[in-house]
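Engineer: Structure file coords21.cif (mmCIF, C-alpha atoms) right here:
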data_start
#
loop_
_atom_site.label_atom_id
_atom_site.label_comp_id
_atom_site.auth_asym_id
_atom_site.auth_seq_id
_atom_site.Cartn_x
_atom_site.Cartn_y
_atom_site.Cartn_z
CA MET A 10 65.12 24.02 -10.44
CA ASN A 11 64.04 27.04 -8.37
CA CYS A 12 62.22 27.08 -5.00
CA ARG A 13 58.78 27.26 -6.61
CA GLU A 14 59.39 24.17 -8.73
CA TYR A 15 60.97 22.42 -5.77
CA VAL A 16 57.87 23.01 -3.66
CA ASP A 17 55.66 21.84 -6.54
CA PHE A 18 57.52 18.53 -6.51
CA LEU A 19 57.42 17.95 -2.74
CA MET A 20 54.39 15.66 -2.75
CA ALA A 21 55.64 13.51 -5.61
CA TYR A 22 59.09 13.32 -4.01
CA VAL A 23 57.73 12.29 -0.60
CA SER A 24 55.53 9.60 -2.14
CA GLU A 25 58.46 8.45 -4.30
CA GLU A 26 56.62 9.13 -7.54
CA LEU A 27 59.20 11.50 -9.00
CA PRO A 28 61.03 10.22 -12.10
CA PRO A 29 64.79 9.78 -11.45
CA GLU A 30 65.82 12.90 -13.40
CA GLN A 31 63.45 15.16 -11.51
CA ALA A 32 64.36 13.50 -8.22
CA ALA A 33 68.02 14.31 -8.95
CA ALA A 34 67.16 17.95 -9.74
CA PHE A 35 65.10 18.06 -6.55
CA LYS A 36 68.05 16.90 -4.46
CA GLN A 37 70.38 19.27 -6.31
CA HIS A 38 68.12 22.17 -5.34
CA ILE A 39 68.56 21.34 -1.64
CA SER A 40 72.34 21.56 -1.93
CA ASP A 41 72.01 24.86 -3.84
CA CYS A 42 69.42 26.26 -1.44
CA PRO A 43 69.89 24.88 2.09
CA PRO A 44 66.78 26.55 3.64
CA CYS A 45 64.59 24.50 1.31
CA ILE A 46 65.52 21.36 3.26
CA HIS A 47 63.18 22.72 5.95
CA TYR A 48 60.26 22.61 3.50
CA LEU A 49 60.87 18.91 3.02
CA GLU A 50 61.39 18.16 6.71
CA THR A 51 58.38 20.13 7.89
CA TYR A 52 56.19 18.77 5.09
CA ARG A 53 56.94 15.31 6.48
CA GLU A 54 56.28 16.47 10.05
CA THR A 55 52.95 17.89 8.87
CA LEU A 56 51.91 14.49 7.50
CA ALA A 57 52.95 12.79 10.73
CA MET A 58 51.04 15.35 12.80
CA GLU A 59 47.83 14.87 10.81
CA LYS A 60 47.81 11.20 11.72
CA LEU A 61 48.83 11.64 15.37
CA ALA A 62 46.23 14.34 15.92
CA TYR A 63 43.38 11.92 15.16
CA ALA A 64 44.85 8.59 16.24
CA GLU A 65 45.03 9.67 19.87
CA GLN A 66 41.50 11.02 19.76
CA GLU A 67 40.06 7.81 18.39
CA ALA A 68 41.62 5.66 21.07
CA LEU A 69 39.28 7.45 23.50
CA PHE A 70 36.10 6.05 21.94
CA GLU A 71 36.26 2.31 22.06
CA GLU A 72 32.70 1.58 22.97
CA ALA A 73 29.76 3.01 21.08
CA PRO A 74 27.87 5.64 23.10
CA GLU A 75 24.78 3.86 24.41
CA ASN A 76 22.41 6.72 23.62
CA LEU A 77 23.57 6.74 20.00
CA VAL A 78 23.03 2.97 19.69
CA LYS A 79 19.53 3.35 21.17
CA ALA A 80 18.71 6.22 18.81
CA ILE A 81 19.82 4.21 15.78
CA LEU A 82 17.81 1.16 16.82
CA ALA A 83 14.72 3.33 17.39
CA ALA A 84 15.17 5.02 14.00
CA ARG A 85 15.51 1.59 12.42
CA GLY A 86 12.15 0.61 13.91
CA GLU A 87 10.48 3.71 12.45
CA ASP A 88 12.22 3.25 9.13
CA LYS A 89 10.87 -0.28 8.86
CA ASP A 90 7.30 0.79 9.63
CA ARG A 91 7.29 3.43 6.94
CA MET B 27 41.91 0.71 3.25
CA THR B 28 43.58 0.63 6.61
CA ASP B 29 40.87 -0.80 8.79
CA GLY B 30 38.92 -3.95 9.37
CA ALA B 31 39.76 -7.58 9.54
CA ASP B 32 36.28 -8.72 8.53
CA GLN B 33 37.51 -10.95 5.80
CA ASP B 34 39.43 -13.16 8.18
CA HIS B 35 36.57 -13.09 10.62
CA PRO B 36 34.20 -16.03 10.31
CA ALA B 37 31.65 -14.12 12.39
CA ALA B 38 31.42 -11.43 9.72
CA ALA B 39 30.03 -13.80 7.08
CA SER B 40 27.37 -15.18 9.37
CA LEU B 41 26.51 -11.67 10.59
CA LEU B 42 25.89 -10.70 6.99
CA ALA B 43 23.66 -13.69 6.43
CA ARG B 44 21.65 -12.83 9.54
CA LEU B 45 21.40 -9.20 8.46
CA ARG B 46 20.08 -10.25 5.08
CA ALA B 47 17.55 -12.48 6.78
CA GLY B 48 16.30 -9.33 8.53
CA GLU B 49 17.27 -10.42 12.01
CA GLU B 50 16.95 -7.51 14.44
CA ALA B 51 19.65 -8.75 16.80
CA ALA B 52 22.10 -8.82 13.90
CA PHE B 53 21.39 -5.17 13.14
CA GLU B 54 22.12 -4.28 16.75
CA LEU B 55 25.35 -6.29 16.64
CA MET B 56 26.45 -4.42 13.53
CA VAL B 57 25.63 -1.08 15.14
CA ARG B 58 27.50 -1.92 18.33
CA ALA B 59 30.52 -3.20 16.46
CA HIS B 60 30.93 -0.20 14.15
CA ALA B 61 29.16 2.86 15.63
CA SER B 62 32.07 4.19 17.61
CA ARG B 63 34.54 4.06 14.74
CA LEU B 64 32.06 5.58 12.31
CA LEU B 65 31.27 8.33 14.79
CA GLY B 66 34.99 9.12 14.78
CA VAL B 67 34.86 9.37 10.98
CA ALA B 68 31.77 11.61 11.01
CA ARG B 69 33.29 13.88 13.67
CA ARG B 70 36.27 14.61 11.46
CA PHE B 71 34.00 15.93 8.74
CA LEU B 72 31.42 17.75 10.82
CA SER B 73 32.15 20.17 13.61
CA SER B 74 28.76 19.74 15.27
CA GLU B 75 28.37 16.62 17.44
CA GLU B 76 24.66 16.52 16.62
CA ASP B 77 25.37 16.46 12.88
CA ALA B 78 27.99 13.75 13.34
CA ARG B 79 25.51 11.54 15.21
CA ASP B 80 22.80 12.18 12.61
CA VAL B 81 25.22 11.12 9.90
CA VAL B 82 26.10 7.86 11.66
CA GLN B 83 22.41 7.10 12.13
CA GLU B 84 21.64 7.87 8.48
CA ALA B 85 24.56 5.72 7.40
CA PHE B 86 23.32 2.66 9.32
CA LEU B 87 19.80 3.04 7.97
CA ALA B 88 21.12 3.47 4.44
CA ALA B 89 23.36 0.44 4.86
CA PHE B 90 20.46 -1.67 6.04
CA ARG B 91 18.24 -0.58 3.16
CA ASN B 92 21.00 -1.36 0.68
CA LEU B 93 22.33 -4.64 2.03
CA ASP B 94 21.83 -6.15 -1.42
CA GLY B 95 24.32 -3.64 -2.78
CA PHE B 96 27.02 -4.96 -0.49
CA GLN B 97 29.52 -6.99 -2.47
CA GLY B 98 30.78 -10.01 -0.62
CA GLY B 99 34.35 -9.32 -1.71
CA ALA B 100 34.52 -6.01 0.13
CA GLN B 101 34.82 -5.72 3.87
CA LEU B 102 31.74 -4.75 5.82
CA SER B 103 33.72 -2.14 7.77
CA THR B 104 35.02 -0.54 4.57
CA TRP B 105 31.56 -0.53 3.03
CA LEU B 106 30.06 1.13 6.14
CA HIS B 107 32.93 3.61 6.17
CA ARG B 108 32.18 4.64 2.58
CA ILE B 109 28.45 5.02 3.31
CA THR B 110 29.29 7.19 6.33
CA VAL B 111 31.61 9.41 4.30
CA ASN B 112 28.91 9.81 1.65
CA ALA B 113 26.35 10.71 4.31
CA ALA B 114 28.79 13.24 5.82
CA LEU B 115 29.49 14.80 2.42
CA MET B 116 25.77 15.06 1.75
CA LYS B 117 25.24 16.76 5.11
CA LEU B 118 28.03 19.24 4.35
CA ARG B 119 26.51 20.03 0.96
CA SER B 120 23.11 20.63 2.50
CA CYS B 121 24.44 23.23 4.93
CA ARG B 122 26.95 24.98 2.70
CA ARG B 123 26.25 28.70 2.68
CA ARG B 124 28.92 31.15 1.71
CA PRO B 125 31.54 30.91 -1.02
CA GLU B 126 34.78 29.34 0.05
CA GLU B 127 37.78 31.44 1.11
CA SER B 128 40.91 31.34 -1.03
CA ILE B 129 43.76 29.10 0.07
CA ASP B 130 46.41 31.26 -1.66
CA GLU B 131 47.59 33.23 1.33
CA LEU B 132 48.44 29.99 3.16
CA LEU B 133 50.64 28.73 0.32
CA PRO B 134 54.39 29.43 0.09
CA GLN B 135 55.17 32.72 -1.67
CA PHE B 136 57.80 33.22 -4.38
CA ASP B 137 59.29 36.15 -6.25
CA ASP B 138 59.46 36.55 -10.05
CA GLN B 139 62.50 34.27 -10.20
CA GLY B 140 60.63 31.54 -8.31
CA LEU B 141 62.69 32.04 -5.14
CA SER B 142 61.08 31.79 -1.72
CA THR B 143 60.20 35.24 -0.38
CA ARG B 144 60.00 33.88 3.14
CA LEU B 145 62.54 31.20 3.87
CA PRO B 146 61.21 28.19 5.75
CA ARG B 147 62.72 27.53 9.18
CA GLU B 148 63.08 24.28 11.04
CA TRP B 149 60.58 23.24 13.71
CA ILE B 150 61.28 22.95 17.42
CA GLY B 151 60.92 19.15 17.44
CA HIS B 152 59.45 16.11 15.76
CA ALA B 153 55.75 15.37 15.46
CA HIS B 154 55.63 12.68 18.15
CA GLU B 155 57.40 14.97 20.66
CA LEU B 156 55.42 18.05 19.77
CA LEU B 157 52.05 16.29 19.96
CA GLU B 158 52.45 14.64 23.34
CA ARG B 159 49.89 16.95 24.88
CA GLU B 160 46.21 16.83 23.88
CA GLU B 161 46.27 20.64 23.66
CA ASP B 162 48.74 20.43 20.78
CA ARG B 163 46.83 17.66 19.01
CA LYS B 164 43.74 19.81 19.31
CA PHE B 165 45.64 22.67 17.69
CA VAL B 166 46.42 20.41 14.71
CA ARG B 167 42.77 19.35 14.35
CA ALA B 168 41.66 22.97 14.62
CA SER B 169 44.20 23.92 11.94
CA ILE B 170 42.78 21.28 9.61
CA ARG B 171 39.29 22.68 10.23
CA LYS B 172 40.58 26.09 9.13
CA LEU B 173 41.39 24.85 5.63
CA PRO B 174 38.89 25.81 2.93
CA GLU B 175 36.38 22.98 2.69
CA SER B 176 37.26 21.65 -0.78
CA TYR B 177 40.87 21.24 0.38
CA ARG B 178 40.04 19.99 3.85
CA LEU B 179 37.85 17.19 2.47
CA VAL B 180 40.59 15.92 0.17
CA LEU B 181 43.12 15.98 3.01
CA LEU B 182 40.80 14.10 5.37
CA LEU B 183 39.86 11.48 2.81
CA ARG B 184 43.41 10.87 1.56
CA ASP B 185 45.60 11.35 4.60
CA ILE B 186 43.38 10.47 7.53
CA ASP B 187 40.67 8.15 6.17
CA GLY B 188 43.20 6.43 3.94
CA TRP B 189 41.23 6.32 0.64
CA ASP B 190 43.41 6.29 -2.47
CA THR B 191 43.40 9.03 -5.10
CA HIS B 192 40.91 7.18 -7.27
CA GLU B 193 38.37 6.55 -4.48
CA THR B 194 38.70 10.11 -3.24
CA ALA B 195 38.02 11.40 -6.74
CA ARG B 196 34.92 9.22 -6.91
CA LEU B 197 33.60 10.28 -3.51
CA LEU B 198 34.05 13.98 -4.27
CA ASP B 199 33.16 13.77 -7.96
CA LEU B 200 36.53 15.20 -9.01
CA THR B 201 39.22 14.14 -11.46
CA THR B 202 42.23 12.33 -10.00
CA GLY B 203 44.37 15.28 -11.19
CA ALA B 204 42.25 17.70 -9.18
CA VAL B 205 42.53 15.45 -6.10
CA LYS B 206 46.34 15.49 -6.36
CA VAL B 207 46.55 19.26 -6.78
CA ARG B 208 44.17 19.89 -3.88
CA LEU B 209 45.95 17.42 -1.60
CA HIS B 210 49.29 19.08 -2.30
CA ARG B 211 47.92 22.56 -1.62
CA ALA B 212 46.01 21.40 1.46
CA ARG B 213 49.20 19.94 2.96
CA LEU B 214 51.22 23.07 2.17
CA ALA B 215 48.55 25.29 3.69
CA LEU B 216 48.38 23.10 6.78
CA ARG B 217 52.17 23.24 7.02
CA THR B 218 51.92 27.04 7.08
CA LEU B 219 49.30 26.96 9.85
CA LEU B 220 51.33 24.50 11.93
CA ALA B 221 54.57 26.44 11.40
CA ALA B 222 53.04 29.37 13.27
CA ARG B 223 53.18 27.25 16.43
CA PHE B 224 56.06 24.86 15.85
CA GLU B 225 58.67 26.82 13.89
CA VAL B 226 61.82 27.98 15.72
CA LYS B 227 61.58 31.69 16.44
CA THR B 228 64.25 33.96 15.03
CA ALA B 229 66.29 35.89 17.57
#
Can the structure from this file be put into structure tokens for me?
Structural biologist:
Amino acid sequence: MNCREYVDFLMAYVSEELPPEQAAAFKQHISDCPPCIHYLETYRETLAMEKLAYAEQEALFEEAPENLVKAILAARGEDKDR
Amino acid sequence: MTDGADQDHPAAASLLARLRAGEEAAFELMVRAHASRLLGVARRFLSSEEDARDVVQEAFLAAFRNLDGFQGGAQLSTWLHRITVNAALMKLRSCRRRPEESIDELLPQFDDQGLSTRLPREWIGHAHELLEREEDRKFVRASIRKLPESYRLVLLLRDIDGWDTHETARLLDLTTGAVKVRLHRARLALRTLLAARFEVKTA
């Protein structure tokens, strides 16, 4: 397995969908090509960052903005009258 | 889906019955219970706050018009989530202008033998350490917004919204194979954008 194939298999490897033979070749590539371990590590960090980036933001909005609620209720009134 | 405990919630069933009976107070209850979360969903898809609010409003009206289409087995929160995503996708389609940029330059590069032409380096820390500050979390969200739209949407739906491959394919009218390929490329491209900030610098 070369670096290109290794990178192609990253997603399947991380989600544990790689058949055993390919998973073995994947791991073999890391021992043949140490820098490629950083692809795997930073791919995982990327996934973790995606989630953290939004989770923190959402915690800020627990209550619905009152003006949005009012706008929706008003639009509902108009919608009904149509 | 990741959210919602409606099924275990006795109030949810009676809320639905009241909604179906056309009770105004029930509509307001539904709006108050779900608007904030759905606004969060809409904001991820749309960069304009006005568009995000429009989408949430459209989603509630659409939900109310189609209450009969709501299957009792599903969760109300999941159903509203899907309607909001559909409304957001429709809004994006309506304001799409120029052809999408290529994602290729953000993907790892290899030589003829399939060897990396630029070796990856480790990062200066782990995600939870590196994203302690809002400034850094903002950088991640901005990086996601930089992805070409067809890739960004798959990444948001799969990784952030938590839809599975099949649902994502349905929402975007793609094959499941195309969803997998785009998700993989979107993550690799995002990794490249994040590496610019978080990779250790060479001496």
Engineer: Give me, as an mmCIF file with C-alpha atoms, keeping the file's coordinate frame, the contact residues of chain A against chain B at a cut-off of 10 Å, counting only C-alpha atoms.
Structural biologist:
data_model
loop_
_atom_site.group_PDB
_atom_site.id
_atom_site.type_symbol
_atom_site.label_atom_id
_atom_site.label_comp_id
_atom_site.auth_asym_id
_atom_site.auth_seq_id
_atom_site.Cartn_x
_atom_site.Cartn_y
_atom_site.Cartn_z
ATOM 1 C CA MET A 10 65.120 24.020 -10.440
ATOM 2 C CA ASN A 11 64.040 27.040 -8.370
ATOM 3 C CA CYS A 12 62.220 27.080 -5.000
ATOM 4 C CA ARG A 13 58.780 27.260 -6.610
ATOM 5 C CA GLU A 14 59.390 24.170 -8.730
ATOM 6 C CA TYR A 15 60.970 22.420 -5.770
ATOM 7 C CA VAL A 16 57.870 23.010 -3.660
ATOM 8 C CA ASP A 17 55.660 21.840 -6.540
ATOM 9 C CA PHE A 18 57.520 18.530 -6.510
ATOM 10 C CA LEU A 19 57.420 17.950 -2.740
ATOM 11 C CA MET A 20 54.390 15.660 -2.750
ATOM 12 C CA ALA A 21 55.640 13.510 -5.610
ATOM 13 C CA CYS A 42 69.420 26.260 -1.440
ATOM 14 C CA PRO A 43 69.890 24.880 2.090
ATOM 15 C CA PRO A 44 66.780 26.550 3.640
ATOM 16 C CA CYS A 45 64.590 24.500 1.310
ATOM 17 C CA ILE A 46 65.520 21.360 3.260
ATOM 18 C CA HIS A 47 63.180 22.720 5.950
ATOM 19 C CA TYR A 48 60.260 22.610 3.500
ATOM 20 C CA LEU A 49 60.870 18.910 3.020
ATOM 21 C CA GLU A 50 61.390 18.160 6.710
ATOM 22 C CA THR A 51 58.380 20.130 7.890
ATOM 23 C CA TYR A 52 56.190 18.770 5.090
ATOM 24 C CA ARG A 53 56.940 15.310 6.480
ATOM 25 C CA GLU A 54 56.280 16.470 10.050
ATOM 26 C CA THR A 55 52.950 17.890 8.870
ATOM 27 C CA LEU A 56 51.910 14.490 7.500
ATOM 28 C CA ALA A 57 52.950 12.790 10.730
ATOM 29 C CA MET A 58 51.040 15.350 12.800
ATOM 30 C CA GLU A 59 47.830 14.870 10.810
ATOM 31 C CA LYS A 60 47.810 11.200 11.720
ATOM 32 C CA LEU A 61 48.830 11.640 15.370
ATOM 33 C CA ALA A 62 46.230 14.340 15.920
ATOM 34 C CA TYR A 63 43.380 11.920 15.160
ATOM 35 C CA ALA A 64 44.850 8.590 16.240
ATOM 36 C CA GLU A 65 45.030 9.670 19.870
ATOM 37 C CA GLN A 66 41.500 11.020 19.760
ATOM 38 C CA GLU A 67 40.060 7.810 18.390
ATOM 39 C CA ALA A 68 41.620 5.660 21.070
ATOM 40 C CA LEU A 69 39.280 7.450 23.500
ATOM 41 C CA PHE A 70 36.100 6.050 21.940
ATOM 42 C CA GLU A 71 36.260 2.310 22.060
ATOM 43 C CA GLU A 72 32.700 1.580 22.970
ATOM 44 C CA ALA A 73 29.760 3.010 21.080
ATOM 45 C CA PRO A 74 27.870 5.640 23.100
ATOM 46 C CA GLU A 75 24.780 3.860 24.410
ATOM 47 C CA LEU A 77 23.570 6.740 20.000
ATOM 48 C CA VAL A 78 23.030 2.970 19.690
ATOM 49 C CA LYS A 79 19.530 3.350 21.170
ATOM 50 C CA ALA A 80 18.710 6.220 18.810
ATOM 51 C CA ILE A 81 19.820 4.210 15.780
ATOM 52 C CA LEU A 82 17.810 1.160 16.820
ATOM 53 C CA ALA A 84 15.170 5.020 14.000
ATOM 54 C CA ARG A 85 15.510 1.590 12.420
ATOM 55 C CA GLY A 86 12.150 0.610 13.910
ATOM 56 C CA ASP A 88 12.220 3.250 9.130
ATOM 57 C CA LYS A 89 10.870 -0.280 8.860
#
Engineer: What separation in Å, quoted to one decimal, exists between CA of Leu27 in chain A and CA of Gly203 in chain B?
Structural biologist: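 It comes out at 15.5 Å.
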Engineer: Would you compute, for all listed atoms of range 50-61 of chain A, the axis-aligned bounding box grown by 3 Å on each side, and then report its centre and edge lengths in Å rounded to one decimal, as JSON?
Structural biologist:
{"center_x": 54.6, "center_y": 15.7, "center_z": 10.2, "size_x": 19.6, "size_y": 14.9, "size_z": 16.3}
Engineer: Could you state the separation of CA of Ser103 in chain B and CA of Leu41 in chain B in Å, given to one decimal place?
Structural biologist: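 A separation of 12.3 Å between them.
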